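What follows is a short report on a single structure.
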Amino acid sequence: MKVVIGIDSFKGSMTSMEAGTAAKKGVLCSVPDAEVVVLPLADGGEGTVDALIEGMNGKRIDIQVSDPLGRQTLCTYGILSDGTAVMEMAQAAGLTKLSEQERNPLATSSYGVGEMIVDAIERGCRKFVIGIGGSATNDGGVGMLSALGYEFLDETGVPVKAGAQGLSQIATITDRNVLPQLTECRFQIACDVDNPLCGKNGATYVYGIQKGLADNLCQSVDEDMLHYSQVVERYLTSLQKNHKLEINISDNSQKKVQPYSEHSGAGAAGGLGFAFLAFLNGTLESGVDLILDSIGIDKELADADIVLTGEGKIDEQSVRGKAPIGIAKRAKEHGCKVLAFAGCLGTNATKCDIKELDEIHVISDESIPLEQRMNRENAMNNMECKVSQVFAKI
């Protein structure tokens, strides 16, 4: 019997690998001759870097970069054993870096994200997996690109102001100081939103207010974002004409060329998705699928019999792109039985049971005080015991 384990972190309690290791002990307690593989699981958001570093023999890199307001802040990213850099943009430019009073998309910049990328390039990385959720910015990625050497200049040739306030000022874009190594880099972006860059469903109208933008400024900032995108399209067209860069901005299935600003996900992270698409030849992918591919899940599932997954709380939100359901769908493609283990069940958890999971098990008695159940040692013991009980009946 081969068992593949991929359990998301139980936030505030167990990491992904701690939960998986405890589950492995439970399997072997009841089925000593089972082949058990434990893999890290995440959805591309918070905790992804930690999960992949721990589960894939990665190296933790701590550096100082600029926060959304230009102050120095400590951020962490990982370099995996194959040289892949794994990052969360929120480490440098996330909302959690600011107090509620400091939130102001007119001034906040994604510059620190670019500094992370530069640091990884200098360490030899050429492949990047980057989660872009939780941003505090709405600068279209101009800050990040500026750190990589692109220059966004006003009509007088002076660099524009940081943040959304500078978008309307952009007249020209130059790449004379861009890092030459960027042409060797591959960027895979974990993106689970489908917003275009501009319009009522774009970055500014949908996410601007929660980042601190006044409601009455949404229209003007969205217009500025549109102006920025138009300057970018002209810049890219000029590059094509000069044969300086091969740019693929069309879907082969469509006759009409689609501007990057209209691509699904271009509006993610205040337009950071647009920047990766237009300037860095990046691909925007489902966070869960990107992580599952990164850990080589299909290879392990090919000859697996049972898959164990789970997270701290399984509820109706679990079916909306969460990691456990992502791995469950892959498992079903390979004909595996899927067992889920959770700290607790929430609203409509049975919907998950019907659609993706063969069984759902709660690892501890919910009448026990939450603080006791969330204790790391208790949670790991509970996971081991519950898994052992379940496998004793298999």
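Chain labels follow the order of the structure tokens: the first chain is A, the next B, and so on; residue numbering restarts at 1 in every chain, and ligands are counted from 1 in their shown order.
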
In stretch 261-298 of chain A, DSSP alpha helix (DSSP H) residues written as an MDAnalysis selection string: chainID A and resid 272:280 287:294 297:298

Find the spatial neighbours of A:Pro105, counting only C-alpha atoms, within a cut-off of 8 Å - ignore same-chain residues fewer than 3 positions away - and output them as a short mmCIF file (atom, residue, chain, number, x, y, z; two decimals) with N, CA and C atoms, in the first residue's frame.
```cif
data_model
loop_
_atom_site.label_atom_id
_atom_site.label_comp_id
_atom_site.auth_asym_id
_atom_site.auth_seq_id
_atom_site.Cartn_x
_atom_site.Cartn_y
_atom_site.Cartn_z
N THR A 108 1.93 53.83 -1.82
CA THR A 108 2.58 52.55 -1.58
C THR A 108 3.16 51.95 -2.87
N SER A 109 4.32 51.33 -2.71
CA SER A 109 5.07 50.83 -3.86
C SER A 109 5.43 49.36 -3.71
N ALA A 136 -0.42 45.55 -0.62
CA ALA A 136 -0.83 46.86 -0.12
C ALA A 136 -0.75 47.91 -1.22
N THR A 137 -0.45 47.47 -2.44
CA THR A 137 -0.11 48.41 -3.51
C THR A 137 -1.13 48.41 -4.64
N ASN A 138 -1.09 49.48 -5.41
CA ASN A 138 -1.92 49.62 -6.60
C ASN A 138 -1.12 50.40 -7.65
N ASP A 139 0.15 50.03 -7.79
CA ASP A 139 1.07 50.78 -8.66
C ASP A 139 1.32 50.11 -10.00
N GLY A 163 4.09 54.77 -6.26
CA GLY A 163 2.69 54.52 -5.97
C GLY A 163 1.78 54.90 -7.12
N ALA A 164 0.48 54.77 -6.88
CA ALA A 164 -0.50 55.08 -7.91
C ALA A 164 -0.48 56.53 -8.33
N GLY A 208 -8.98 48.46 -4.36
CA GLY A 208 -8.38 49.70 -3.91
C GLY A 208 -8.84 50.17 -2.54
N LYS A 211 -7.38 48.63 0.48
CA LYS A 211 -5.97 49.01 0.64
C LYS A 211 -5.83 50.45 1.11
N GLY A 212 -6.97 51.13 1.32
CA GLY A 212 -6.93 52.48 1.87
C GLY A 212 -7.27 53.59 0.90
N LEU A 213 -7.67 53.24 -0.32
CA LEU A 213 -8.01 54.27 -1.30
C LEU A 213 -9.41 54.81 -1.04
#
```

Expected answer as a PyMOL selection string: strand (DSSP E) residues in stretch 16-175 of chain A: chain A and resi 35-40+59-66+72-79+85-88+127-131+151-153+172-174

Long-range neighbours of stretch 360-370 of chain A as a PyMOL selection string, 7 Å cut-off, only C-alpha atoms, 2 positions minimum in chain: chain A and resi 339-344+353+357+372-374+382-383+386

Top pick for closest residue to A:Met116, considering A:Asp67, A:Leu153, A:Glu102, A:Leu52 and counting only C-alpha atoms: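 Closest candidate: A:Asp67.
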
Of the listed residues A:Gly45, A:Pro32, A:Gly199, A:Gly55, that which approaches A:Met17 most closely, counting only C-alpha atoms: A:Gly55

A:Val178 surroundings by only C-alpha atoms, 7 Å radius, close-in-sequence under 4 positions cut, as an NGL selection string: :A and (148-150)

Saved selection, atoms kept: N, CA and C atoms, as a compact mmCIF listing (two decimals), in the first residue's frame:
```txt
# COMPACT_ATOMS: atom_id res chain seq x y z
N LEU A 148 14.11 46.42 -10.79
CA LEU A 148 14.76 45.53 -11.75
C LEU A 148 15.49 46.31 -12.85
N GLY A 149 15.38 47.64 -12.80
CA GLY A 149 16.13 48.46 -13.74
C GLY A 149 15.32 49.20 -14.78
N TYR A 150 14.03 48.93 -14.86
CA TYR A 150 13.19 49.69 -15.78
C TYR A 150 13.02 51.11 -15.24
```
